[in-house]
Each structure stands twice: as structure tokens, then as C-alpha cells.
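Novice: Data: final_8.cif, mmCIF, C-alpha atoms and all ligand atoms.
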data_query
loop_
_atom_site.label_atom_id
_atom_site.label_comp_id
_atom_site.auth_asym_id
_atom_site.auth_seq_id
_atom_site.Cartn_x
_atom_site.Cartn_y
_atom_site.Cartn_z
CA MET A 1 119.12 54.00 70.45
CA VAL A 2 122.16 51.83 71.10
CA SER A 3 124.71 54.60 71.11
CA LEU A 4 124.35 58.36 71.47
CA LYS A 5 127.29 58.96 69.12
CA GLY A 6 126.51 61.79 66.72
CA LYS A 7 122.96 62.11 68.07
CA ASP A 8 121.09 65.24 69.07
CA ILE A 9 119.51 65.45 72.51
CA LEU A 10 116.21 67.21 72.00
CA HIS A 11 113.39 65.60 73.96
CA GLY A 12 112.87 63.53 77.10
CA ASN A 13 110.94 60.92 75.13
CA GLN A 14 113.90 59.97 72.95
CA PHE A 15 115.49 57.79 75.63
CA SER A 16 114.66 54.14 76.24
CA LYS A 17 115.02 52.64 79.70
CA ARG A 18 118.26 51.05 78.55
CA ASP A 19 119.63 54.41 77.32
CA ILE A 20 118.83 55.89 80.71
CA ASP A 21 120.54 53.03 82.55
CA ILE A 22 123.68 53.58 80.47
CA ILE A 23 123.65 57.37 80.97
CA ILE A 24 123.34 56.84 84.74
CA LYS A 25 126.24 54.40 84.69
CA VAL A 26 128.51 56.70 82.68
CA SER A 27 127.58 59.70 84.88
CA ASN A 28 128.35 57.69 87.96
CA GLY A 29 131.72 56.72 86.51
CA PHE A 30 132.61 60.37 85.94
CA GLU A 31 131.45 61.30 89.44
CA LYS A 32 133.86 58.71 90.84
CA GLU A 33 136.72 59.76 88.55
CA LEU A 34 136.35 63.40 89.62
CA LYS A 35 136.82 62.33 93.22
CA LYS A 36 140.32 61.20 92.23
CA LYS A 37 141.33 63.95 89.78
CA ASP A 38 140.21 67.47 88.92
CA SER A 39 140.11 66.90 85.21
CA LEU A 40 140.30 64.24 82.54
CA THR A 41 141.56 64.24 78.95
CA LEU A 42 138.80 62.29 77.21
CA LEU A 43 137.57 65.24 75.13
CA LYS A 44 140.92 66.94 74.63
CA GLY A 45 140.82 68.95 71.39
CA LYS A 46 137.01 68.99 71.20
CA ILE A 47 135.08 72.23 71.38
CA LEU A 48 131.65 72.92 72.84
CA ALA A 49 129.71 76.01 71.74
CA THR A 50 127.05 77.39 74.05
CA LEU A 51 124.29 79.47 72.44
CA PHE A 52 122.01 80.91 75.09
CA PHE A 53 119.19 83.19 73.99
CA GLU A 54 117.60 83.12 77.47
CA PRO A 55 119.10 83.61 80.93
CA SER A 56 120.90 80.68 82.52
CA THR A 57 123.22 80.12 85.44
CA ARG A 58 123.35 76.41 86.22
CA THR A 59 122.74 74.91 82.79
CA ARG A 60 125.34 76.94 80.92
CA LEU A 61 127.97 76.90 83.63
CA SER A 62 127.57 73.19 84.34
CA PHE A 63 127.88 72.37 80.62
CA GLU A 64 131.00 74.52 80.42
CA THR A 65 132.39 72.93 83.56
CA ALA A 66 131.58 69.46 82.23
CA MET A 67 133.42 70.14 78.96
CA GLN A 68 136.45 71.59 80.71
CA ARG A 69 136.63 68.75 83.26
CA LEU A 70 136.77 66.42 80.26
CA GLY A 71 139.71 68.36 78.85
CA GLY A 72 137.75 70.04 76.05
CA GLY A 73 137.36 73.72 75.21
CA VAL A 74 134.35 76.00 75.26
CA ILE A 75 133.25 78.89 73.07
CA CYS A 76 130.31 80.92 74.18
CA MET A 77 128.22 83.25 72.04
CA GLY A 78 127.64 85.65 74.92
CA ALA A 79 124.88 88.23 75.02
CA VAL A 80 122.50 88.26 72.07
CA GLU A 81 123.05 92.03 71.63
CA SER A 82 126.75 91.51 70.96
CA SER A 83 126.32 88.86 68.23
CA SER A 84 124.90 88.91 64.69
CA VAL A 85 121.56 87.79 66.15
CA ALA A 86 121.12 91.52 66.87
CA LYS A 87 121.42 92.10 63.09
CA GLY A 88 118.56 89.68 62.46
CA GLU A 89 120.45 86.43 61.78
CA THR A 90 118.22 83.35 61.97
CA LEU A 91 118.83 80.59 64.49
CA SER A 92 119.61 78.15 61.66
CA ASP A 93 122.27 80.45 60.24
CA THR A 94 123.78 81.05 63.67
CA ALA A 95 123.90 77.29 64.23
CA ARG A 96 125.48 76.72 60.79
CA THR A 97 128.14 79.28 61.64
CA VAL A 98 128.94 77.81 65.02
CA ALA A 99 129.11 74.31 63.52
CA GLN A 100 132.18 75.48 61.56
CA TYR A 101 134.00 76.14 64.83
CA ALA A 102 132.71 73.59 67.32
CA ASP A 103 132.09 69.83 67.66
CA VAL A 104 128.90 70.06 69.69
CA ILE A 105 126.35 72.82 70.32
CA VAL A 106 124.23 73.44 73.40
CA VAL A 107 121.31 75.76 72.71
CA ARG A 108 118.69 77.50 74.86
CA HIS A 109 116.05 79.58 73.15
CA PRO A 110 112.58 80.93 74.02
CA ARG A 111 110.80 79.21 71.10
CA VAL A 112 109.38 75.68 71.41
CA GLY A 113 111.04 73.54 68.74
CA SER A 114 114.07 75.85 68.39
CA ALA A 115 116.65 73.21 69.33
CA LYS A 116 115.27 70.90 66.64
CA GLU A 117 115.47 73.78 64.17
CA ALA A 118 119.15 74.30 65.02
CA ALA A 119 119.78 70.54 64.88
CA ASP A 120 118.20 70.29 61.43
CA ALA A 121 120.56 72.98 60.14
CA VAL A 122 123.82 71.25 61.14
CA ASP A 123 125.58 67.89 61.10
CA ILE A 124 127.13 68.05 64.56
CA PRO A 125 125.21 67.06 67.73
CA VAL A 126 122.88 69.70 69.15
CA ILE A 127 121.77 69.52 72.77
CA ASN A 128 118.56 71.22 73.86
CA ALA A 129 119.17 73.21 77.04
CA GLY A 130 115.57 74.45 77.10
CA ASP A 131 113.27 75.42 74.22
CA GLY A 132 110.71 77.83 75.64
CA ALA A 133 107.97 75.99 77.51
CA GLY A 134 108.88 72.82 75.60
CA GLN A 135 111.58 70.45 76.83
CA HIS A 136 114.76 70.40 78.93
CA PRO A 137 116.02 66.84 78.54
CA THR A 138 119.45 67.19 80.18
CA GLN A 139 117.82 68.64 83.29
CA ALA A 140 115.45 65.66 83.30
CA LEU A 141 118.37 63.24 83.22
CA LEU A 142 120.22 65.00 86.02
CA ASP A 143 116.99 65.07 88.03
CA LEU A 144 116.56 61.35 87.49
CA TYR A 145 120.19 60.72 88.45
CA THR A 146 119.61 62.72 91.63
CA ILE A 147 116.38 60.90 92.49
CA ARG A 148 118.10 57.55 92.13
CA LYS A 149 121.02 58.68 94.26
CA GLU A 150 118.90 60.24 96.98
CA LEU A 151 116.28 57.48 97.18
CA GLY A 152 118.35 54.47 96.18
CA SER A 153 116.00 53.30 93.43
CA LEU A 154 113.56 54.57 90.83
CA LYS A 155 111.01 51.81 91.34
CA ASN A 156 107.50 52.38 92.67
CA LEU A 157 108.11 55.95 93.68
CA LYS A 158 105.41 58.45 94.47
CA ILE A 159 106.44 61.85 93.16
CA ALA A 160 104.62 65.17 93.46
CA LEU A 161 105.43 67.72 90.75
CA VAL A 162 104.40 71.13 92.01
CA GLY A 163 103.90 74.60 90.55
CA ASP A 164 103.91 75.72 86.92
CA LEU A 165 103.26 72.43 85.17
CA LYS A 166 101.87 74.24 82.12
CA ASN A 167 104.99 76.22 81.24
CA GLY A 168 107.72 74.28 83.06
CA ARG A 169 109.96 72.56 80.53
CA THR A 170 111.81 70.74 83.31
CA VAL A 171 108.69 68.85 84.39
CA HIS A 172 107.65 68.23 80.78
CA ALA A 173 110.95 66.43 80.20
CA LEU A 174 111.18 64.79 83.63
CA VAL A 175 107.89 62.89 83.34
CA GLU A 176 109.08 61.46 80.03
CA VAL A 177 112.25 59.95 81.49
CA LEU A 178 110.47 58.79 84.65
CA SER A 179 107.69 57.12 82.67
CA HIS A 180 109.85 54.00 82.25
CA PHE A 181 109.91 53.33 85.97
CA GLY A 182 106.26 52.89 86.97
CA VAL A 183 106.17 56.13 88.90
CA HIS A 184 102.99 57.28 90.62
CA PHE A 185 102.60 60.99 89.88
CA TYR A 186 100.76 63.74 91.69
CA PHE A 187 100.51 66.75 89.38
CA VAL A 188 99.96 69.65 91.79
CA ALA A 189 99.04 72.95 90.15
CA PRO A 190 96.44 75.71 90.20
CA SER A 191 93.91 75.17 87.41
CA LEU A 192 95.54 77.87 85.25
CA LEU A 193 98.86 76.02 85.31
CA ARG A 194 97.87 72.39 84.87
CA MET A 195 100.09 69.92 83.03
CA PRO A 196 99.22 69.96 79.30
CA GLU A 197 96.57 67.31 78.75
CA GLU A 198 98.52 65.66 75.98
CA ILE A 199 101.40 64.92 78.41
CA THR A 200 99.08 63.70 81.17
CA GLU A 201 97.32 61.37 78.75
CA ARG A 202 100.62 60.02 77.42
CA MET A 203 101.83 59.27 80.94
CA LYS A 204 98.62 57.37 81.67
CA GLY A 205 99.00 55.53 78.37
CA LYS A 206 102.48 54.45 79.47
CA GLY A 207 101.03 52.90 82.61
CA CYS A 208 101.88 55.66 85.11
CA GLU A 209 99.28 56.49 87.71
CA VAL A 210 98.50 60.21 87.58
CA ILE A 211 96.50 62.18 90.10
CA GLU A 212 95.87 65.82 89.25
CA THR A 213 95.16 68.05 92.22
CA ASP A 214 95.67 71.53 93.62
CA ASP A 215 96.14 70.15 97.14
CA LEU A 216 99.84 70.23 98.03
CA VAL A 217 99.33 69.01 101.61
CA MET A 218 97.57 65.86 100.44
CA ALA A 219 100.07 65.17 97.66
CA ALA A 220 103.17 65.83 99.80
CA SER A 221 101.89 63.64 102.62
CA LYS A 222 101.52 60.74 100.18
CA SER A 223 104.77 61.27 98.25
CA ASP A 224 108.39 60.20 98.68
CA LEU A 225 109.61 63.23 96.77
CA VAL A 226 108.36 66.71 96.02
CA TYR A 227 109.69 68.48 92.92
CA MET A 228 109.01 72.19 93.28
CA THR A 229 109.06 74.57 90.32
CA ARG A 230 109.03 78.31 89.80
CA ILE A 231 105.97 79.99 88.28
CA GLN A 232 107.43 80.90 84.86
CA LYS A 233 106.62 84.62 84.84
CA GLU A 234 108.35 85.18 81.49
CA ARG A 235 105.87 82.85 79.73
CA PHE A 236 102.77 84.89 80.67
CA SER A 237 101.50 87.21 77.94
CA ASP A 238 99.08 88.73 80.46
CA LEU A 239 100.81 89.66 83.72
CA SER A 240 97.48 89.94 85.55
CA GLU A 241 97.18 86.15 85.08
CA TYR A 242 100.62 85.78 86.69
CA GLU A 243 99.46 87.90 89.63
CA LYS A 244 96.60 85.43 90.17
CA VAL A 245 98.87 82.41 90.53
CA LYS A 246 102.16 83.74 91.91
CA GLY A 247 102.98 82.38 95.34
CA SER A 248 100.50 79.50 94.84
CA TYR A 249 102.70 76.97 96.61
CA ILE A 250 105.31 77.74 99.23
CA ILE A 251 106.96 75.15 101.40
CA ASP A 252 108.77 75.99 104.60
CA ARG A 253 110.20 74.06 107.50
CA GLU A 254 106.96 74.16 109.44
CA PHE A 255 105.11 72.61 106.50
CA LEU A 256 107.66 69.78 106.32
CA ASP A 257 107.68 69.17 110.06
CA ARG A 258 103.90 68.79 109.97
CA LEU A 259 104.22 65.92 107.45
CA LYS A 260 105.75 63.76 110.20
CA LYS A 261 107.98 61.86 107.75
CA LYS A 262 111.11 62.78 105.85
CA ILE A 263 110.61 63.49 102.17
CA THR A 264 113.07 64.50 99.46
CA ILE A 265 112.78 67.99 97.98
CA LEU A 266 114.12 68.83 94.53
CA HIS A 267 113.94 72.05 92.52
CA PRO A 268 115.65 72.79 89.18
CA LEU A 269 116.32 76.32 90.50
CA PRO A 270 116.26 79.30 90.42
CA ARG A 271 113.68 79.58 93.21
CA VAL A 272 111.61 82.68 93.76
CA ASP A 273 109.53 82.13 96.89
CA GLU A 274 108.39 78.52 96.55
CA ILE A 275 111.01 77.07 98.91
CA ASN A 276 111.70 79.09 102.03
CA PRO A 277 115.43 79.24 102.86
CA ASP A 278 114.65 77.61 106.22
CA VAL A 279 114.17 74.35 104.25
CA ASP A 280 117.83 74.38 103.14
CA SER A 281 119.02 72.62 106.29
CA TYR A 282 116.23 69.99 106.14
CA PRO A 283 117.90 66.58 105.56
CA GLY A 284 115.77 65.83 102.50
CA ALA A 285 116.53 69.16 100.81
CA ALA A 286 118.54 67.88 97.85
CA TYR A 287 118.43 70.81 95.43
CA PHE A 288 122.02 71.89 95.97
CA ARG A 289 123.27 68.32 95.49
CA GLN A 290 120.98 68.15 92.43
CA MET A 291 122.78 71.00 90.68
CA ARG A 292 126.17 69.47 91.34
CA ASN A 293 124.97 66.25 89.71
CA GLY A 294 124.37 68.31 86.57
CA VAL A 295 128.11 68.34 85.92
CA PHE A 296 128.46 64.51 85.98
CA VAL A 297 125.41 63.91 83.82
CA ARG A 298 126.42 66.57 81.29
CA MET A 299 129.93 65.10 81.17
CA ALA A 300 128.33 61.77 80.30
CA LEU A 301 126.12 63.28 77.60
CA LEU A 302 128.98 65.24 75.99
CA ALA A 303 131.28 62.21 76.00
CA MET A 304 128.52 60.00 74.57
CA VAL A 305 127.37 62.28 71.73
CA LEU A 306 131.02 62.77 70.78
CA GLY A 307 131.46 59.01 70.60
CA LYS A 308 133.92 58.69 73.46
CA LYS A 309 131.70 56.53 75.71
C1 LIG B 401 114.99 75.85 84.70
C2 LIG B 401 114.78 76.28 83.27
O1 LIG B 401 115.53 77.11 82.75
O2 LIG B 401 113.85 75.75 82.67
N1 LIG B 401 116.24 76.13 85.22
C3 LIG B 401 117.29 75.30 84.97
O3 LIG B 401 117.62 75.00 83.84
N2 LIG B 401 117.93 74.77 86.02
C4 LIG B 401 113.86 76.17 85.59
C5 LIG B 401 113.38 77.59 85.70
O4 LIG B 401 113.91 78.51 85.08
O5 LIG B 401 112.43 77.79 86.46
#
Could you spell out this file's structure in C-alpha cells?
Specialist:
Amino acid sequence: MVSLKGKDILHGNQFSKRDIDIIIKVSNGFEKELKKKDSLTLLKGKILATLFFEPSTRTRLSFETAMQRLGGGVICMGAVESSSVAKGETLSDTARTVAQYADVIVVRHPRVGSAKEAADAVDIPVINAGDGAGQHPTQALLDLYTIRKELGSLKNLKIALVGDLKNGRTVHALVEVLSHFGVHFYFVAPSLLRMPEEITERMKGKGCEVIETDDLVMAASKSDLVYMTRIQKERFSDLSEYEKVKGSYIIDREFLDRLKKKITILHPLPRVDEINPDVDSYPGAAYFRQMRNGVFVRMALLAMVLGKK
């Protein structure tokens, strides 16, 4: 992919290393520009539509912020109950409708493959903001941007991904974008929530070292960065299974102090109990900076798919 113009953003594996380098560069440019001014005019006259069929705080608001900082406008479908979805309209028809009003669509939906379904129905770019337990590529790019900023480089890193690796779309997408950088992964999960085998095998095939374990102490003590995730309660059909694994991994200040070295902690948020609030003042706790980076990276992606970068 030489240019993102007119393209959909659906999956972490669609980006080459060169694409990622360009996205980082453009994001960085916007971060610098926003230090000088509150808003730009690059996307003046363009409209973003957000279609969220699942809860969201950061993803939707940072996309809307990104569009407005670029001078564009935003339309938002709002609660599912107040739209024609409540009358049984299909996702494809909703997307076709919205494509008459907007220049780019951001969609979040509980079904794996839903963003592709919406993208296939329309000619304007569709951005996947989370399709069930599938992918969340824009989160992956903002995570990667954050890792590079916090650690200075993406080369030869040891990264522990912790928690619900089975259902977590953020980790499914993140490993794809990190796979270009020779990362050494620790996949830390209880056996019920292991990373899907197909993803683990693909990472190994791409030359990444992967160690699967349920031992967080071991993995954290060997890693430069720990990426915590929430156990995705809404993906369990049997809540008694959730009860078995909830609270599997919790890090607190005492845990970090025992490691005797500073590590970086990321989390896509929201957190439930997996990061104790006493970690927030730890110097390596980067999850609040991480969510701010979402604005710069989403500005870059919007500008690029609309052909302005
Ligand atoms: C994540 C998501 O929705 O997948 N949140 C986010 O986009 N920042 C993670 C989660 O809900 O656990």
C-alpha cells in the first residue's frame, strides 16, 4: 500500500512496515502542529460519521476530536434504540445510508467481520473501530506510536501481553503491527483465554519469538513493556466461565517495586481491576498518555484515507 487514499482500515495485517513508518511520521507531525494551534483546516468541509453499536468512550471521542481538530465535521448515529437499527435495518443498509451524508465512516460492532461488511456496501473509506473479538487496527497503531514514543524505538523489544488474549481485539491487532519489528512476545493468559492458535502460529511464522505462559511475574521481569487488558466479560456466553478467570492478573505498585527495574505499562482502557490505581503515579505508567496519542494517530488516519496526506 503506497497511499491510504480511499482505503478502508479493517485489519492490523494490512499495513506494511513502510505504511507504519509513514503513519507514525504523519501522526508525529500532527502532534507537533497541535502544540502550536488548537485546530487545523486540512479536512474543512469533510464529514465523519461514527456508527457505534457497542459502548465506547475513548475510541469514539478521540475520532470525533481528531476530525474536529482537522477542521472537519462529525455526525454520530447515537444510541442504537434511537435509529432505524431498532426497526431491523441491516448494517449494510445503515452504512449505505450514512455514505450519502459522510465522507468517511468509523464503525464499531459486536460481530467479527462487521466492518468489512459495511466497507463492502459503500464506496467511501470505512474504519474498523472494533469488530467483536476480531480486530481494532487504529488502537494497534496508537499503541505502537505510544510504544515508540515511550521506549524510543521498536527494535528488539520484549513485550508481555496480559489478560484476555482470546477475546481481546486490541491485542489481536497489536501483534500484527508489531510483527514487523522483531518483537519478542510473552503471551500471558489463563488457559481459558489463550491467544488464538492461528495468531500465535502466524507470529512465529513471521519470525517473532513467542512464549506462552500463565506466569505474569516471570514474563514481567523479563519484559520492557507490559500491555494489560480487561477480561472481556461481554464475550462470555457462560458467565460461570467468566467467574473462573476474572481477576486473573492484577498489578499494583508493590508488584512493580518487586521487579527492581522500571518497565512501561500500557492498557487500552477501560480497566476493571487489572491495574490498581496506585500504579498511576509509577513513572512507567503510560496509559493516560497512550489515550491522548489516539487523537494524533486518528488525525493521521483520517487525513490519509481522505487523500490529504
Ligand atoms: C478496547 C476495546 O473496545 O476493544 N477499548 C478501547 O477501544 N480503548 C478494550 C476493552 O474494551 O477492553
Novice: In terms of the shortest atom-to-atom distance over only C-alpha atoms, which of A:Ser223, A:Ser27, A:Ser237, A:Thr50 is closest to Ala102 of chain A?
Specialist: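 Selected residue with least distance to Ala102 of chain A: A:Thr50.
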Novice: Which residue out of A:Val272, A:Leu51, A:Ala220, A:Leu4 has the minimum interatomic distance to Arg18 of chain A when all atoms listed in the file are used?
Specialist: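 Of A:Val272, A:Leu51, A:Ala220, A:Leu4, the one nearest Arg18 of chain A, counting all atoms listed in the file, is A:Leu4.
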Novice: Using all atoms listed in the file, can you tell me which of A:Asp19, A:Asp273, A:Asp38, A:Glu212 comes closest to ligand LIG 401 (chain B)?
Specialist: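 With all atoms listed in the file as the atom set, the closest residue is A:Asp273.
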Novice: Which one of A:Leu225, A:Ile47, A:Ile124, A:Val245 sits closest to Lys261 of chain A if you count all atoms listed in the file?
Specialist: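 Once distances to Lys261 of chain A are computed over all atoms listed in the file, the minimum belongs to A:Leu225.
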Novice: Would you mind listing what lies within 7 Å of Lys166 of chain A as a list in words, with all atoms listed in the file counted and same-chain residues fewer than 3 positions away left out?
Specialist: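 Residues meeting the cut-off are Leu193, Arg194, Met195 and Pro196 of chain A.
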Novice: Residues within 7 Å of ligand LIG 401 (chain B), counting only C-alpha atoms and all ligand atoms: report them as a count of residues only.
Specialist: 15
Novice: Taking (138.1, 65.4, 76.3) as a centre in this file's frame and 10 Å as the limit, can you find every polymer residue with an atom that close, using all atoms listed in the file, and give them as a PyMOL selection string?
Specialist: chain A and resi 39-47+66-73+299+302-303+306+308
Novice: Which one of A:Gly6, A:Glu150, A:Glu31, A:Ser92 sits closest to Asp120 of chain A if you count only C-alpha atoms?
Specialist: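 So, comparing all the options, the nearest one is A:Ser92.
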Novice: Just checking: using all atoms listed in the file, which residue out of A:Val74, A:Ala119, A:Arg108, A:Lys260 ends up closest to Arg96 of chain A?
Specialist: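 With all atoms listed in the file as the atom set, the closest residue is A:Ala119.
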Novice: Is there a way to complete segment 289-300 of chain A with all heavy atoms and then write that out as a PDB file, keeping the file's coordinate frame?
Specialist:
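Result written to part21.pdb:
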ATOM      1  N   ARG A 289     122.587  69.525  96.000  1.00  0.00           N
ATOM      2  CA  ARG A 289     123.270  68.320  95.490  1.00  0.00           C
ATOM      3  C   ARG A 289     122.828  68.076  94.032  1.00  0.00           C
ATOM      4  O   ARG A 289     123.620  67.675  93.187  1.00  0.00           O
ATOM      5  CB  ARG A 289     122.923  67.108  96.347  1.00  0.00           C
ATOM      6  CG  ARG A 289     123.424  67.225  97.774  1.00  0.00           C
ATOM      7  CD  ARG A 289     123.310  65.922  98.544  1.00  0.00           C
ATOM      8  NE  ARG A 289     121.983  65.559  98.965  1.00  0.00           N
ATOM      9  CZ  ARG A 289     121.357  66.021 100.052  1.00  0.00           C
ATOM     10  NH1 ARG A 289     121.971  66.893 100.832  1.00  0.00           N
ATOM     11  NH2 ARG A 289     120.139  65.615 100.378  1.00  0.00           N
ATOM     12  N   GLN A 290     121.546  68.328  93.777  1.00  0.00           N
ATOM     13  CA  GLN A 290     120.980  68.150  92.430  1.00  0.00           C
ATOM     14  C   GLN A 290     121.772  68.961  91.392  1.00  0.00           C
ATOM     15  O   GLN A 290     122.126  68.463  90.330  1.00  0.00           O
ATOM     16  CB  GLN A 290     119.524  68.612  92.487  1.00  0.00           C
ATOM     17  CG  GLN A 290     118.710  68.561  91.212  1.00  0.00           C
ATOM     18  CD  GLN A 290     117.308  69.168  91.443  1.00  0.00           C
ATOM     19  OE1 GLN A 290     117.017  69.702  92.530  1.00  0.00           O
ATOM     20  NE2 GLN A 290     116.459  69.079  90.447  1.00  0.00           N
ATOM     21  N   MET A 291     122.104  70.214  91.714  1.00  0.00           N
ATOM     22  CA  MET A 291     122.780  71.000  90.680  1.00  0.00           C
ATOM     23  C   MET A 291     124.225  70.552  90.484  1.00  0.00           C
ATOM     24  O   MET A 291     124.763  70.651  89.390  1.00  0.00           O
ATOM     25  CB  MET A 291     122.665  72.500  90.917  1.00  0.00           C
ATOM     26  CG  MET A 291     123.227  73.024  92.174  1.00  0.00           C
ATOM     27  SD  MET A 291     122.704  74.762  92.257  1.00  0.00           S
ATOM     28  CE  MET A 291     123.307  75.201  93.851  1.00  0.00           C
ATOM     29  N   ARG A 292     124.823  70.006  91.522  1.00  0.00           N
ATOM     30  CA  ARG A 292     126.170  69.470  91.340  1.00  0.00           C
ATOM     31  C   ARG A 292     126.137  68.248  90.416  1.00  0.00           C
ATOM     32  O   ARG A 292     127.015  68.064  89.576  1.00  0.00           O
ATOM     33  CB  ARG A 292     126.771  69.101  92.699  1.00  0.00           C
ATOM     34  CG  ARG A 292     128.153  68.533  92.581  1.00  0.00           C
ATOM     35  CD  ARG A 292     128.956  68.556  93.859  1.00  0.00           C
ATOM     36  NE  ARG A 292     130.226  67.888  93.638  1.00  0.00           N
ATOM     37  CZ  ARG A 292     131.252  68.427  93.007  1.00  0.00           C
ATOM     38  NH1 ARG A 292     131.189  69.647  92.542  1.00  0.00           N
ATOM     39  NH2 ARG A 292     132.369  67.741  92.827  1.00  0.00           N
ATOM     40  N   ASN A 293     125.092  67.436  90.575  1.00  0.00           N
ATOM     41  CA  ASN A 293     124.970  66.250  89.710  1.00  0.00           C
ATOM     42  C   ASN A 293     124.894  66.625  88.234  1.00  0.00           C
ATOM     43  O   ASN A 293     125.220  65.817  87.366  1.00  0.00           O
ATOM     44  CB  ASN A 293     123.718  65.450  90.094  1.00  0.00           C
ATOM     45  CG  ASN A 293     123.879  64.778  91.451  1.00  0.00           C
ATOM     46  OD1 ASN A 293     124.995  64.497  91.883  1.00  0.00           O
ATOM     47  ND2 ASN A 293     122.770  64.530  92.126  1.00  0.00           N
ATOM     48  N   GLY A 294     124.456  67.848  87.955  1.00  0.00           N
ATOM     49  CA  GLY A 294     124.370  68.310  86.570  1.00  0.00           C
ATOM     50  C   GLY A 294     125.709  68.201  85.847  1.00  0.00           C
ATOM     51  O   GLY A 294     125.752  67.918  84.647  1.00  0.00           O
ATOM     52  N   VAL A 295     126.783  68.407  86.554  1.00  0.00           N
ATOM     53  CA  VAL A 295     128.110  68.340  85.920  1.00  0.00           C
ATOM     54  C   VAL A 295     128.396  66.897  85.456  1.00  0.00           C
ATOM     55  O   VAL A 295     128.810  66.674  84.322  1.00  0.00           O
ATOM     56  CB  VAL A 295     129.213  68.816  86.892  1.00  0.00           C
ATOM     57  CG1 VAL A 295     130.601  68.604  86.296  1.00  0.00           C
ATOM     58  CG2 VAL A 295     128.996  70.285  87.243  1.00  0.00           C
ATOM     59  N   PHE A 296     128.132  65.916  86.322  1.00  0.00           N
ATOM     60  CA  PHE A 296     128.460  64.510  85.980  1.00  0.00           C
ATOM     61  C   PHE A 296     127.608  64.028  84.802  1.00  0.00           C
ATOM     62  O   PHE A 296     128.100  63.369  83.885  1.00  0.00           O
ATOM     63  CB  PHE A 296     128.247  63.593  87.183  1.00  0.00           C
ATOM     64  CG  PHE A 296     128.808  64.150  88.462  1.00  0.00           C
ATOM     65  CD1 PHE A 296     128.045  64.194  89.629  1.00  0.00           C
ATOM     66  CD2 PHE A 296     130.102  64.654  88.497  1.00  0.00           C
ATOM     67  CE1 PHE A 296     128.560  64.735  90.801  1.00  0.00           C
ATOM     68  CE2 PHE A 296     130.625  65.191  89.670  1.00  0.00           C
ATOM     69  CZ  PHE A 296     129.847  65.236  90.817  1.00  0.00           C
ATOM     70  N   VAL A 297     126.321  64.385  84.862  1.00  0.00           N
ATOM     71  CA  VAL A 297     125.410  63.910  83.820  1.00  0.00           C
ATOM     72  C   VAL A 297     125.738  64.604  82.489  1.00  0.00           C
ATOM     73  O   VAL A 297     125.737  63.978  81.422  1.00  0.00           O
ATOM     74  CB  VAL A 297     123.939  64.135  84.233  1.00  0.00           C
ATOM     75  CG1 VAL A 297     122.992  63.810  83.095  1.00  0.00           C
ATOM     76  CG2 VAL A 297     123.619  63.292  85.463  1.00  0.00           C
ATOM     77  N   ARG A 298     126.086  65.875  82.540  1.00  0.00           N
ATOM     78  CA  ARG A 298     126.420  66.570  81.290  1.00  0.00           C
ATOM     79  C   ARG A 298     127.779  66.113  80.757  1.00  0.00           C
ATOM     80  O   ARG A 298     127.988  66.085  79.533  1.00  0.00           O
ATOM     81  CB  ARG A 298     126.330  68.089  81.504  1.00  0.00           C
ATOM     82  CG  ARG A 298     124.848  68.456  81.655  1.00  0.00           C
ATOM     83  CD  ARG A 298     124.545  69.871  81.975  1.00  0.00           C
ATOM     84  NE  ARG A 298     123.105  70.079  81.869  1.00  0.00           N
ATOM     85  CZ  ARG A 298     122.342  70.707  82.767  1.00  0.00           C
ATOM     86  NH1 ARG A 298     122.887  71.222  83.859  1.00  0.00           N
ATOM     87  NH2 ARG A 298     121.045  70.825  82.586  1.00  0.00           N
ATOM     88  N   MET A 299     128.678  65.716  81.646  1.00  0.00           N
ATOM     89  CA  MET A 299     129.930  65.100  81.170  1.00  0.00           C
ATOM     90  C   MET A 299     129.599  63.829  80.385  1.00  0.00           C
ATOM     91  O   MET A 299     130.123  63.592  79.295  1.00  0.00           O
ATOM     92  CB  MET A 299     130.844  64.729  82.353  1.00  0.00           C
ATOM     93  CG  MET A 299     131.552  65.915  82.991  1.00  0.00           C
ATOM     94  SD  MET A 299     132.425  65.463  84.511  1.00  0.00           S
ATOM     95  CE  MET A 299     133.934  64.741  83.849  1.00  0.00           C
ATOM     96  N   ALA A 300     128.705  63.025  80.961  1.00  0.00           N
ATOM     97  CA  ALA A 300     128.330  61.770  80.300  1.00  0.00           C
ATOM     98  C   ALA A 300     127.722  62.042  78.931  1.00  0.00           C
ATOM     99  O   ALA A 300     128.087  61.413  77.931  1.00  0.00           O
ATOM    100  CB  ALA A 300     127.342  60.995  81.180  1.00  0.00           C
TER     101      ALA A 300
END
